[in-house]
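Structure record follows, encoded as structure tokens.
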Number of protein chains: 2
Amino acid sequence: MPLNADLAIKNISQLVTCEPDLFDSSDDEVRPVGLIDDACLLISGGAISWVGGRKQFETSGHGASEVIDAGGLAVLPGFVDAHTHTVFAGSREREYEMRVKGAGYMEIAAAGGGINATVGAVRNASIDELVQSGSSRVGSMLRQGTTTVEIKSGYGLSVEAELKMLKAIKRVGEETCVDVVPTFLGAHEIPPEFRENRDGYIDLLIDEMIPAAGESGLAEFCDVFCEQGVFTADESRRILLRGKEYGMRPKLHADEFVESGGAGVAGEVGAISAGHLGHASREGLEAMKASGTVAVLMPGVGVGLGRPEFTDARTMIDMGLDVAVATDFNPGSSMVHSLLIVSSLACSFMKMTPAEVILAMTVGGAKAVGRQDRVGSIAPEKQADLVLVEVPDFRYVPYHLGGDIVRTVIKNGIVVFDRTQD
Amino acid sequence: MPLNADLAIKNISQLVTCEPDLFDSSDDEVRPVGLIDDACLLISGGAISWVGGRKQFETSGHGASEVIDAGGLAVLPGFVDAHTHTVFAGSREREYEMRVKGAGYMEIAAAGGGINATVGAVRNASIDELVQSGSSRVGSMLRQGTTTVEIKSGYGLSVEAELKMLKAIKRVGEETCVDVVPTFLGAHEIPPEFRENRDGYIDLLIDEMIPAAGESGLAEFCDVFCEQGVFTADESRRILLRGKEYGMRPKLHADEFVESGGAGVAGEVGAISAGHLGHASREGLEAMKASGTVAVLMPGVGVGLGRPEFTDARTMIDMGLDVAVATDFNPGSSMVHSLLIVSSLACSFMKMTPAEVILAMTVGGAKAVGRQDRVGSIAPEKQADLVLVEVPDFRYVPYHLGGDIVRTVIKNGIVVFDRTQD
């Protein structure tokens with residue numbers, strides 16, 4: 001029976017479905033992103049109701065109340081940024097300057113920098129301040145095509161301040177039109193008052209913070225910064241298993257600077273994702289593969305820290321791991337909010353192909369936050385989260401670093417951003 | 001006598017004059033960019049007529065017909081992008097994909113890629129097409145704060161097609177509000193029809209193209225791609241001296257991939273600037289310093305080519321060379337139009353400080369295109385080209401990679417771009 005949809009997007013030059021199995025093509029070059037040329041799609045009740053080529057549409061009898069002509073544009077799924085710290089207070093540009101000038105971790109910490117600088121600012125900020133600045137940042141992300149964003153706590157590091165952050169993260173989701181996925185990251189750093197008593201902080205996490213975060217219902221995931229000098233593999237395992245008891249699925253920051261067993265723990269506890277992995281062992285990656293843990297790669301950190309060293313994406317992809325790319329947007333190591341910019345860094349420096357990076361910022365991101373049934377690709381019944389970009393070909397997305405390409409963003413079937421080209 | 005200006009910008013949180021000698025501060029940290037906190041400036045007849053602090057303004061008796069309140073904003077000079085190839089046709093995202101996958105120069109050339117791919121597209125394009133796409137790109141640059149841009153020919157490589165490019169470049173300047181500085185780059189590559197007869201192409205340059213470009217009055221500068229496999233140091237010298245005879249001051253692409261004597265030639269012929277310099281010899285840099293040649297650094301190329309190798313800016317700065325940063329915006333090796341993004345790459349990977357990079361994208365760029373008497377800093381009698389950015393401190397500019405920070409751009413005293421924050 002012909003559909004009478006709410007909205008039709010017609011005349012799409014390239015529809016990048018990110019559903020290669022549904023929309024197969026005989027052309028090996030385009031198959032990986034499930035490309036349909038000269039396409040049309042229909043939206044009904046905020047969801048995608050039909051996808052296909054022009055001819056198929058013309059013979060279908062389908063219609064729609066409203067029509068967008070996407071002539072000359074490619075349409076992609078809304079981007080899913082699967083690892084961010086977008087809610088924070090203050091900024092750390094002086095620390096960035098110190099690092100550029102050669103200062104090391106200890107020197108920066110002695111000058112009041114590092115994660116604990118942001119912890120101080122967040123503890124002093126009101127929840128309204130956190131919501132306002134966080135929502136403004138999420139608005140910037142939306143204009144770059146991001147329609148789903150994971151946001152971690154982890155700058156509170158006390159029961160009260162972590163709950164304040166989780167509440168702020170929830171409100172950012174309510175006050176913007178972006179889907180916000182909340183993660184509890186009480187194990188982001190040892191706070192200053194526990195510097196001489198790290199066991200005391202871990203006890204606080206286990207006995208009070210995780211139960212409070214879990215019972216609040218404000219966090220879907222529980223994350224740990226498993227790294228030399230932060231939390232060990234054993235501590236991470238204990239924290240993540242405790243989080244699981246309280247209904248929060250594990251996630252990790254793992255093996256960013258040195259191999260510290262993080263990837264192995266991720267596999268062992270069945271983490272949904274593990275991020276960074278620059279120094280993950282082969283065994284760790286195999287454990288992740290066995291448990292279906294998504295590898296989240298964040299090349300913005302190479303710029304933020306001024307180290308042109310990047311995770312070896314090819315090994316992971318060639319092993320068959322699911323891969324996401326994310327911004328890691330945070331005021332210390334990765335002040336970048338645009339997944340478009342990150343896509344360029346991932347191709348240029350991690351040697352991901354344009355097709356791989358497009359999948360990693362859509363369906364890969366969706367898998368890393370457990371949303372692949374709803375977002376991350378363009379197929380019937382998925383949420384109508386779409387980005388209309390002015391590019392001659394999907395490969396142009398990473399090719400133009402910081403390209404001014406986003407014309408329209410659609411969230412749940414509604415146009416939420418539209419920029420007419422001058 | 002009190003001024004009655006056309007426009008006052010008041011309540012400026014940080015006025016970044018880029019005139020450290022005029023606006024000195026006792027604070028070593030801010031002196032390099034000539035910072036004035038809580039400042040005001042006046043514009044009369046398209047030029048800056050007064051600059052100073054709030055108290056100084058309040059006691060001056062000055063007034064203005066219009067007032068902009070820049071509360072919470074920093075004001076910088078309009079950015080000067082001193083090395084670009086912004087007028088071109090086609091795009092080369094498939095070549096980018098091949099390079100990411102590991103293809104070398106020869107393989108890409110064999111597949112129809114490289115500079116000559118764009119030469120083919122430009123020769124086939126009408127002048128109107130070149131003007132339209134070039135103007136659209138310049139519009140994107142303006143929204144990132146660029147108010148003066150150098151644009152090179154060099155994708156025509158015949159008398160007729162090079163003149164077509166120079167005419168298109170002139171029209172881009174007329175059809176946008178950005179100041180366009182035109183450079184003749186007939187010596188960008190050997191075109192395909194001269195592949196077996198490179199001397200023939202050099203004769204054509206010397207006997208016909210340079211005289212035609214010079215006599216047209218359409219180019220201020222004459223540039224050469226001095227590099228192994230393109231033009232030798234001897235050929236470059238000959239071409240640049242010929243350009244000088246026709247009133248075009250020399251510029252070079254020098255020592256980008258291997259040391260090929262380019263920096264030395266730049267010094268010898270008194271080039272106004274030399275770009276890239278990744279492999280320039282110490283002697284070459286000394287020659288540039290002696291002749292006052294500006295070093296133009298373009299870290300976007302590291303991303304475009306997927307090689308995390310960057311020119312050693314510190315050596316040049318510590319030698320006392322004038323330094324500019326530029327995008328090198330071009331469809332082959334540097335598809336980046338934003339000097340803001342380039343500023344991050346220059347700090348993170350070339351180890352320029354935030355203050356140095358701010359100077360390099362303003363007064364440094366202005367020197368590299370011979371406009372330092374008019375643009376590149378904020379001081380009385382300079383053109384009122386200004387960028388109002390939402391940052392807590394000038395260091396934030398490179399710190400936030402791709403930051404959504406430009407609120408307003410003023411060109412010759414007129415607001416030409418204004419974005420209200422959502």
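Identifiers for the structure tokens are assigned positionally: chains receive A, B, ... in sequence, residues are indexed from 1 per chain, and ligands are indexed from 1 in the order shown.
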
Any idea which chain B residues end up within 9 Å of chain A if we count only C-alpha atoms, as a short mmCIF file (atom, residue, chain, number, x, y, z; two decimals) with all heavy atoms, in the first residue's frame please?
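See result_6.cif below for the written result:
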```cif
data_model
loop_
_atom_site.label_atom_id
_atom_site.label_comp_id
_atom_site.auth_asym_id
_atom_site.auth_seq_id
_atom_site.Cartn_x
_atom_site.Cartn_y
_atom_site.Cartn_z
N SER B 91 37.60 18.15 -7.60
CA SER B 91 38.12 17.82 -6.27
C SER B 91 38.79 16.46 -6.39
O SER B 91 38.58 15.73 -7.34
CB SER B 91 37.00 17.82 -5.22
OG SER B 91 36.02 16.86 -5.52
N ARG B 92 39.64 16.15 -5.45
CA ARG B 92 40.49 14.96 -5.62
C ARG B 92 40.39 14.01 -4.43
O ARG B 92 41.39 13.50 -3.94
CB ARG B 92 41.93 15.41 -5.90
CG ARG B 92 42.10 15.90 -7.34
CD ARG B 92 43.23 16.88 -7.57
NE ARG B 92 44.52 16.45 -7.13
CZ ARG B 92 45.60 17.25 -7.07
NH1 ARG B 92 45.51 18.53 -7.44
NH2 ARG B 92 46.74 16.78 -6.64
N GLU B 93 39.14 13.76 -3.97
CA GLU B 93 38.96 12.90 -2.81
C GLU B 93 39.34 11.45 -3.09
O GLU B 93 39.73 10.72 -2.18
CB GLU B 93 37.52 12.98 -2.28
CG GLU B 93 36.42 12.56 -3.23
CD GLU B 93 35.95 13.71 -4.12
OE1 GLU B 93 36.60 14.78 -4.17
OE2 GLU B 93 34.90 13.52 -4.79
N ARG B 94 39.27 11.02 -4.35
CA ARG B 94 39.67 9.63 -4.64
C ARG B 94 41.19 9.46 -4.55
O ARG B 94 41.69 8.41 -4.17
CB ARG B 94 39.15 9.20 -6.01
CG ARG B 94 37.68 8.83 -5.94
CD ARG B 94 37.04 8.56 -7.29
NE ARG B 94 35.62 8.42 -7.10
CZ ARG B 94 34.98 7.26 -6.95
NH1 ARG B 94 35.65 6.13 -6.99
NH2 ARG B 94 33.67 7.22 -6.76
N TYR B 96 42.96 11.24 -2.48
CA TYR B 96 43.17 11.21 -1.01
C TYR B 96 42.97 9.78 -0.49
O TYR B 96 43.78 9.28 0.29
CB TYR B 96 42.19 12.18 -0.36
CG TYR B 96 42.19 12.19 1.16
CD1 TYR B 96 43.24 12.76 1.87
CD2 TYR B 96 41.14 11.62 1.88
CE1 TYR B 96 43.23 12.77 3.26
CE2 TYR B 96 41.13 11.63 3.26
CZ TYR B 96 42.17 12.20 3.95
OH TYR B 96 42.15 12.21 5.32
N GLU B 97 41.92 9.14 -0.96
CA GLU B 97 41.65 7.75 -0.53
C GLU B 97 42.80 6.82 -0.94
O GLU B 97 43.26 5.99 -0.14
CB GLU B 97 40.35 7.26 -1.15
CG GLU B 97 39.98 5.85 -0.73
CD GLU B 97 38.67 5.39 -1.36
OE1 GLU B 97 38.50 5.51 -2.59
OE2 GLU B 97 37.80 4.92 -0.60
N MET B 98 43.28 6.99 -2.17
CA MET B 98 44.39 6.14 -2.63
C MET B 98 45.62 6.34 -1.74
O MET B 98 46.32 5.39 -1.39
CB MET B 98 44.79 6.50 -4.07
CG MET B 98 43.81 6.04 -5.13
SD MET B 98 44.36 6.54 -6.79
CE MET B 98 45.75 5.39 -7.03
N ARG B 99 45.89 7.60 -1.40
CA ARG B 99 47.07 7.90 -0.58
C ARG B 99 46.94 7.29 0.80
O ARG B 99 47.89 6.71 1.34
CB ARG B 99 47.26 9.42 -0.52
CG ARG B 99 48.64 9.84 -0.11
CD ARG B 99 48.96 11.26 -0.57
NE ARG B 99 47.84 12.13 -0.33
CZ ARG B 99 47.37 13.00 -1.23
NH1 ARG B 99 47.93 13.13 -2.40
NH2 ARG B 99 46.33 13.76 -0.95
N VAL B 100 45.74 7.41 1.39
CA VAL B 100 45.49 6.81 2.70
C VAL B 100 45.74 5.30 2.65
O VAL B 100 46.25 4.70 3.60
CB VAL B 100 44.03 7.11 3.13
CG1 VAL B 100 43.57 6.16 4.20
CG2 VAL B 100 43.90 8.57 3.58
N LYS B 101 45.40 4.70 1.50
CA LYS B 101 45.59 3.26 1.35
C LYS B 101 47.03 2.90 1.00
O LYS B 101 47.33 1.73 0.77
CB LYS B 101 44.65 2.72 0.27
CG LYS B 101 43.19 2.70 0.68
CD LYS B 101 42.32 2.12 -0.44
CE LYS B 101 40.87 1.99 -0.01
NZ LYS B 101 40.01 1.56 -1.14
N GLY B 102 47.89 3.92 0.88
CA GLY B 102 49.30 3.61 0.70
C GLY B 102 49.86 3.85 -0.69
O GLY B 102 51.04 3.58 -0.95
N SER B 136 32.81 31.03 -3.40
CA SER B 136 32.18 30.26 -2.34
C SER B 136 33.22 29.82 -1.32
O SER B 136 33.00 29.90 -0.10
CB SER B 136 31.47 29.05 -2.97
OG SER B 136 31.08 28.15 -1.98
N GLY B 139 34.24 32.70 0.74
CA GLY B 139 33.19 32.97 1.72
C GLY B 139 33.35 32.10 2.97
O GLY B 139 33.20 32.57 4.10
N SER B 140 33.69 30.84 2.76
CA SER B 140 33.94 29.94 3.90
C SER B 140 35.14 30.42 4.71
O SER B 140 35.15 30.35 5.95
CB SER B 140 34.20 28.51 3.42
OG SER B 140 33.07 27.97 2.80
N GLY B 300 48.79 22.17 7.45
CA GLY B 300 47.67 21.43 6.88
C GLY B 300 48.13 20.35 5.90
O GLY B 300 47.45 19.34 5.71
N GLY B 302 50.53 18.31 6.25
CA GLY B 302 50.79 17.06 6.98
C GLY B 302 49.53 16.21 7.08
O GLY B 302 49.59 14.98 7.00
N VAL B 303 48.39 16.86 7.26
CA VAL B 303 47.12 16.13 7.28
C VAL B 303 46.74 15.70 5.87
O VAL B 303 46.39 14.54 5.61
CB VAL B 303 45.99 16.98 7.92
CG1 VAL B 303 44.70 16.18 8.00
CG2 VAL B 303 46.39 17.47 9.30
N GLY B 304 46.81 16.64 4.93
CA GLY B 304 46.38 16.35 3.56
C GLY B 304 47.14 15.19 2.95
O GLY B 304 46.56 14.36 2.23
N LEU B 305 48.43 15.12 3.23
CA LEU B 305 49.24 14.03 2.67
C LEU B 305 49.31 12.83 3.62
O LEU B 305 49.91 11.81 3.27
CB LEU B 305 50.65 14.53 2.34
CG LEU B 305 50.75 15.61 1.26
CD1 LEU B 305 52.21 15.94 0.97
CD2 LEU B 305 50.05 15.19 -0.03
N GLY B 306 48.72 12.97 4.79
CA GLY B 306 48.73 11.85 5.73
C GLY B 306 50.13 11.52 6.23
O GLY B 306 50.45 10.37 6.49
N ARG B 307 50.95 12.55 6.37
CA ARG B 307 52.30 12.34 6.89
C ARG B 307 52.47 13.21 8.12
O ARG B 307 52.57 14.44 8.01
CB ARG B 307 53.36 12.86 5.90
CG ARG B 307 53.35 12.23 4.57
CD ARG B 307 54.60 12.75 3.85
NE ARG B 307 54.50 12.48 2.44
CZ ARG B 307 55.50 12.64 1.58
NH1 ARG B 307 56.66 13.12 1.99
NH2 ARG B 307 55.35 12.37 0.31
N PRO B 308 52.51 12.62 9.29
CA PRO B 308 52.65 13.44 10.48
C PRO B 308 54.08 13.94 10.68
O PRO B 308 54.73 13.68 11.67
CB PRO B 308 52.19 12.51 11.60
CG PRO B 308 52.40 11.13 11.08
CD PRO B 308 52.39 11.19 9.59
N GLU B 309 54.55 14.67 9.66
CA GLU B 309 55.90 15.25 9.70
C GLU B 309 55.72 16.74 9.45
O GLU B 309 55.05 17.12 8.50
CB GLU B 309 56.77 14.66 8.59
CG GLU B 309 57.01 13.18 8.73
CD GLU B 309 57.30 12.52 7.38
OE1 GLU B 309 57.60 13.23 6.41
OE2 GLU B 309 57.19 11.29 7.33
N PRO B 331 43.40 21.45 -3.71
CA PRO B 331 42.66 20.18 -3.76
C PRO B 331 43.53 18.93 -3.69
O PRO B 331 42.99 17.82 -3.60
CB PRO B 331 41.94 20.25 -5.12
CG PRO B 331 42.83 21.11 -5.95
CD PRO B 331 43.42 22.13 -5.01
N SER B 334 46.30 19.89 0.58
CA SER B 334 45.89 20.62 1.79
C SER B 334 44.48 21.17 1.64
O SER B 334 44.27 22.36 1.45
CB SER B 334 46.88 21.75 2.10
OG SER B 334 46.61 22.31 3.37
N MET B 335 43.50 20.27 1.78
CA MET B 335 42.11 20.71 1.69
C MET B 335 41.67 21.23 3.05
O MET B 335 40.89 20.59 3.77
CB MET B 335 41.23 19.54 1.25
CG MET B 335 41.05 19.45 -0.24
SD MET B 335 40.23 20.88 -1.03
CE MET B 335 38.51 20.56 -0.63
N VAL B 336 42.18 22.40 3.40
CA VAL B 336 41.76 23.05 4.64
C VAL B 336 41.68 24.54 4.35
O VAL B 336 42.60 25.12 3.78
CB VAL B 336 42.71 22.72 5.81
CG1 VAL B 336 44.14 23.13 5.52
CG2 VAL B 336 42.24 23.37 7.12
N HIS B 337 40.55 25.15 4.70
CA HIS B 337 40.37 26.57 4.38
C HIS B 337 40.46 27.45 5.62
O HIS B 337 40.46 28.66 5.52
CB HIS B 337 39.03 26.80 3.68
CG HIS B 337 37.84 26.53 4.56
ND1 HIS B 337 37.29 25.28 4.72
CD2 HIS B 337 37.11 27.35 5.36
CE1 HIS B 337 36.28 25.34 5.57
NE2 HIS B 337 36.15 26.58 5.97
N SER B 338 40.53 26.82 6.80
CA SER B 338 40.43 27.57 8.05
C SER B 338 41.78 27.81 8.69
O SER B 338 42.46 26.87 9.11
CB SER B 338 39.53 26.80 9.02
OG SER B 338 39.66 27.33 10.32
N ILE B 341 41.97 26.29 12.25
CA ILE B 341 42.42 24.89 12.34
C ILE B 341 43.93 24.81 12.16
O ILE B 341 44.63 24.10 12.90
CB ILE B 341 41.67 24.03 11.30
CG1 ILE B 341 40.19 23.91 11.69
CG2 ILE B 341 42.31 22.64 11.16
CD1 ILE B 341 39.33 23.16 10.71
N SER B 344 45.97 25.52 15.25
CA SER B 344 46.10 24.40 16.19
C SER B 344 47.21 23.45 15.76
O SER B 344 48.01 23.00 16.58
CB SER B 344 44.79 23.61 16.27
OG SER B 344 43.75 24.42 16.73
N LEU B 345 47.23 23.14 14.47
CA LEU B 345 48.26 22.22 13.96
C LEU B 345 49.65 22.83 14.13
O LEU B 345 50.62 22.13 14.47
CB LEU B 345 48.00 21.90 12.48
CG LEU B 345 46.64 21.25 12.17
CD1 LEU B 345 46.45 21.13 10.65
CD2 LEU B 345 46.51 19.88 12.82
N CYS B 347 50.67 24.97 16.43
CA CYS B 347 51.10 24.90 17.84
C CYS B 347 51.41 23.46 18.23
O CYS B 347 52.46 23.17 18.80
CB CYS B 347 50.02 25.44 18.77
SG CYS B 347 49.89 27.23 18.76
N SER B 348 50.47 22.57 17.94
CA SER B 348 50.60 21.20 18.42
C SER B 348 51.78 20.48 17.77
O SER B 348 52.50 19.75 18.43
CB SER B 348 49.32 20.41 18.14
OG SER B 348 48.29 20.86 18.99
N PHE B 349 51.96 20.69 16.48
CA PHE B 349 52.93 19.87 15.76
C PHE B 349 54.19 20.62 15.35
O PHE B 349 55.22 19.99 15.07
CB PHE B 349 52.28 19.23 14.54
CG PHE B 349 51.19 18.25 14.88
CD1 PHE B 349 50.05 18.13 14.09
CD2 PHE B 349 51.29 17.43 16.00
CE1 PHE B 349 49.05 17.23 14.39
CE2 PHE B 349 50.29 16.52 16.33
CZ PHE B 349 49.16 16.42 15.52
N MET B 350 54.13 21.95 15.26
CA MET B 350 55.35 22.70 14.92
C MET B 350 55.92 23.40 16.15
O MET B 350 56.93 24.08 16.04
CB MET B 350 55.03 23.74 13.84
CG MET B 350 54.66 23.12 12.50
SD MET B 350 54.27 24.39 11.28
CE MET B 350 54.47 23.42 9.75
N LYS B 351 55.20 23.25 17.27
CA LYS B 351 55.67 23.79 18.55
C LYS B 351 55.81 25.30 18.54
O LYS B 351 56.67 25.87 19.22
CB LYS B 351 56.97 23.11 18.99
CG LYS B 351 56.86 21.59 19.10
CD LYS B 351 55.74 21.16 20.03
CE LYS B 351 55.51 19.65 20.00
NZ LYS B 351 54.20 19.31 20.61
N MET B 352 54.96 25.96 17.76
CA MET B 352 54.84 27.40 17.89
C MET B 352 54.00 27.68 19.13
O MET B 352 53.10 26.91 19.47
CB MET B 352 54.16 28.00 16.65
CG MET B 352 55.01 27.86 15.39
SD MET B 352 54.17 28.43 13.89
CE MET B 352 54.25 30.23 14.12
N THR B 353 54.28 28.76 19.84
CA THR B 353 53.43 29.10 20.97
C THR B 353 52.15 29.76 20.45
O THR B 353 52.11 30.26 19.32
CB THR B 353 54.13 30.07 21.93
OG1 THR B 353 54.29 31.32 21.24
CG2 THR B 353 55.49 29.55 22.36
N PRO B 354 51.10 29.77 21.27
CA PRO B 354 49.88 30.48 20.85
C PRO B 354 50.16 31.92 20.42
O PRO B 354 49.63 32.38 19.41
CB PRO B 354 48.99 30.40 22.09
CG PRO B 354 49.38 29.09 22.73
CD PRO B 354 50.88 29.01 22.53
N PRO B 392 37.97 32.99 26.09
CA PRO B 392 38.36 33.63 27.35
C PRO B 392 39.73 34.28 27.28
O PRO B 392 40.07 35.11 28.11
CB PRO B 392 38.35 32.47 28.35
CG PRO B 392 38.56 31.24 27.52
CD PRO B 392 37.96 31.52 26.18
N ASP B 393 40.53 33.90 26.26
CA ASP B 393 41.92 34.33 26.19
C ASP B 393 42.41 34.00 24.79
O ASP B 393 41.96 33.03 24.18
CB ASP B 393 42.72 33.54 27.24
CG ASP B 393 44.18 33.91 27.26
OD1 ASP B 393 44.96 33.30 26.49
OD2 ASP B 393 44.55 34.81 28.02
N PHE B 394 43.37 34.79 24.28
CA PHE B 394 43.84 34.54 22.90
C PHE B 394 44.43 33.14 22.73
O PHE B 394 44.42 32.58 21.62
CB PHE B 394 44.85 35.62 22.48
CG PHE B 394 46.20 35.49 23.13
CD1 PHE B 394 47.20 34.73 22.54
CD2 PHE B 394 46.47 36.12 24.34
CE1 PHE B 394 48.44 34.60 23.15
CE2 PHE B 394 47.70 36.00 24.95
CZ PHE B 394 48.69 35.23 24.36
N ARG B 395 44.94 32.56 23.82
CA ARG B 395 45.52 31.21 23.71
C ARG B 395 44.48 30.16 23.34
O ARG B 395 44.82 29.07 22.89
CB ARG B 395 46.15 30.80 25.05
CG ARG B 395 47.35 31.60 25.45
CD ARG B 395 47.69 31.35 26.90
NE ARG B 395 48.84 32.13 27.33
CZ ARG B 395 48.78 33.38 27.77
NH1 ARG B 395 47.60 33.99 27.84
NH2 ARG B 395 49.87 34.02 28.14
N TYR B 396 43.21 30.51 23.59
CA TYR B 396 42.13 29.57 23.28
C TYR B 396 42.01 29.34 21.78
O TYR B 396 41.51 28.31 21.33
CB TYR B 396 40.83 30.14 23.86
CG TYR B 396 39.66 29.18 23.87
CD1 TYR B 396 39.30 28.51 25.03
CD2 TYR B 396 38.90 28.96 22.72
CE1 TYR B 396 38.22 27.65 25.06
CE2 TYR B 396 37.81 28.09 22.74
CZ TYR B 396 37.48 27.44 23.90
OH TYR B 396 36.41 26.58 23.92
N VAL B 397 42.49 30.28 20.97
CA VAL B 397 42.32 30.18 19.50
C VAL B 397 42.94 28.88 18.97
O VAL B 397 42.25 28.07 18.35
CB VAL B 397 42.85 31.43 18.79
CG1 VAL B 397 42.89 31.24 17.28
CG2 VAL B 397 42.00 32.66 19.16
N PRO B 398 44.24 28.62 19.21
CA PRO B 398 44.76 27.33 18.75
C PRO B 398 44.34 26.15 19.63
O PRO B 398 44.27 25.02 19.15
CB PRO B 398 46.29 27.52 18.82
CG PRO B 398 46.49 28.59 19.83
CD PRO B 398 45.29 29.50 19.72
N TYR B 399 44.05 26.42 20.89
CA TYR B 399 43.71 25.35 21.85
C TYR B 399 42.47 24.56 21.42
O TYR B 399 42.45 23.34 21.47
CB TYR B 399 43.52 26.02 23.21
CG TYR B 399 42.81 25.27 24.30
CD1 TYR B 399 43.34 24.12 24.86
CD2 TYR B 399 41.60 25.76 24.82
CE1 TYR B 399 42.69 23.47 25.90
CE2 TYR B 399 40.94 25.13 25.85
CZ TYR B 399 41.48 23.97 26.40
OH TYR B 399 40.85 23.34 27.43
N HIS B 400 41.43 25.25 20.97
CA HIS B 400 40.21 24.56 20.55
C HIS B 400 40.28 24.28 19.05
O HIS B 400 40.00 25.14 18.23
CB HIS B 400 38.98 25.40 20.88
CG HIS B 400 37.69 24.66 20.70
ND1 HIS B 400 36.54 25.01 21.35
CD2 HIS B 400 37.36 23.58 19.95
CE1 HIS B 400 35.55 24.19 21.00
NE2 HIS B 400 36.03 23.32 20.14
N LEU B 401 40.65 23.07 18.67
CA LEU B 401 40.77 22.66 17.27
C LEU B 401 39.41 22.75 16.57
O LEU B 401 38.48 22.03 16.94
CB LEU B 401 41.30 21.22 17.20
CG LEU B 401 41.34 20.56 15.82
CD1 LEU B 401 42.31 21.27 14.89
CD2 LEU B 401 41.72 19.09 15.94
N GLY B 402 39.32 23.65 15.60
CA GLY B 402 38.04 23.80 14.90
C GLY B 402 36.99 24.44 15.76
O GLY B 402 35.79 24.24 15.55
N GLY B 403 37.42 25.23 16.74
CA GLY B 403 36.47 25.88 17.65
C GLY B 403 35.50 26.78 16.89
O GLY B 403 35.87 27.45 15.94
N ASP B 404 34.30 26.77 17.41
CA ASP B 404 33.17 27.50 16.81
C ASP B 404 33.18 28.91 17.40
O ASP B 404 32.25 29.31 18.07
CB ASP B 404 31.94 26.72 17.30
CG ASP B 404 30.73 26.94 16.47
OD1 ASP B 404 30.83 27.64 15.46
OD2 ASP B 404 29.67 26.42 16.88
N GLN B 421 25.08 33.58 18.59
CA GLN B 421 25.22 32.25 19.22
C GLN B 421 23.84 31.74 19.61
O GLN B 421 23.02 32.47 20.13
CB GLN B 421 26.13 32.37 20.45
CG GLN B 421 26.24 31.13 21.29
CD GLN B 421 26.96 29.99 20.55
OE1 GLN B 421 26.89 29.86 19.34
NE2 GLN B 421 27.63 29.16 21.31
N ASP B 422 23.59 30.45 19.30
CA ASP B 422 22.32 29.85 19.70
C ASP B 422 22.28 29.71 21.21
O ASP B 422 23.26 29.40 21.82
CB ASP B 422 22.16 28.47 19.08
CG ASP B 422 22.85 28.36 17.75
OD1 ASP B 422 24.00 28.81 17.62
OD2 ASP B 422 22.24 27.80 16.85
#
```

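Backbone DSSP assigns strand (DSSP E or B) in segment 82-221 of chain A to Thr146, Thr147, Thr148, Val149, Glu150, Ile151, Lys152, Asp179, Val180, Val181, Pro182, Thr183, Phe184, Leu185, Gly186, Ala187 and Phe221 of chain A.
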
From the DSSP assignment of the backbone, select every residue of segment 136-351 of chain B that is alpha helix (DSSP H), and format the answer as a VMD selection string. chain B and resid 136 to 143 159 to 175 198 to 204 210 to 216 233 to 245 262 to 268 282 to 291 300 to 304 313 to 319 339 to 350

Long-range neighbours of Arg198 of chain B as a list of chain:residue names, 12 Å cut-off, only C-alpha atoms, 5 positions minimum in chain: B:Ala187, B:Glu189, B:Ile190, B:Pro191, B:Pro192, B:Glu193, B:Asp203, B:Leu204, B:Leu205, B:Gly229, B:Val230, B:Phe231, B:Thr232, B:Glu235

Tell me, as number ranges by chain, which residues lie within 12 Å of Phe225 of chain A, counting only C-alpha atoms; anything in the same chain fewer than 2 positions away does not count. A: 115, 152, 154, 184-190, 222-223, 227-233, 235-237, 239-240, 250-257, 260-263, 265-266, 274-277

Any idea what's packed within 12 Å of Cys18 of chain A, counting only C-alpha atoms, ignoring anything in its chain fewer than 3 positions away? Could you give it as a PyMOL selection string? chain A and resi 14-15+21-24+30-36+75-79+355-366+372+375-379+386+394

Name all residues at most 9 Å from His83 of chain B (count only C-alpha atoms; drop same-chain ones fewer than 4 positions away) and give them as a ChimeraX atom specification. /B:149-152,275,296,298,325-329,365,368-369

Let me see the file: selected residues, C-alpha atoms, as a short mmCIF file (atom, residue, chain, number, x, y, z; two decimals), in the first residue's frame.
```
data_model
loop_
_atom_site.label_atom_id
_atom_site.label_comp_id
_atom_site.auth_asym_id
_atom_site.auth_seq_id
_atom_site.Cartn_x
_atom_site.Cartn_y
_atom_site.Cartn_z
CA VAL B 149 43.94 35.92 1.05
CA GLU B 150 46.70 35.31 -1.44
CA ILE B 151 45.58 33.14 -4.36
CA LYS B 152 47.88 31.61 -6.95
CA GLY B 275 56.71 28.42 1.70
CA VAL B 296 55.44 30.56 5.33
CA MET B 298 51.61 25.21 6.27
CA VAL B 325 51.25 30.39 8.83
CA ALA B 326 48.95 29.72 5.90
CA THR B 327 46.43 27.10 4.82
CA ASP B 328 47.94 26.21 1.41
CA PHE B 329 44.27 25.53 0.58
CA GLY B 365 50.85 36.84 6.84
CA ALA B 368 54.40 37.67 3.38
CA VAL B 369 52.08 39.45 0.94
#
```

What is the atom CA of Val409 of chain A-atom CA of Ile272 of chain A distance in Å, reported with one decimal? 27.6 Å
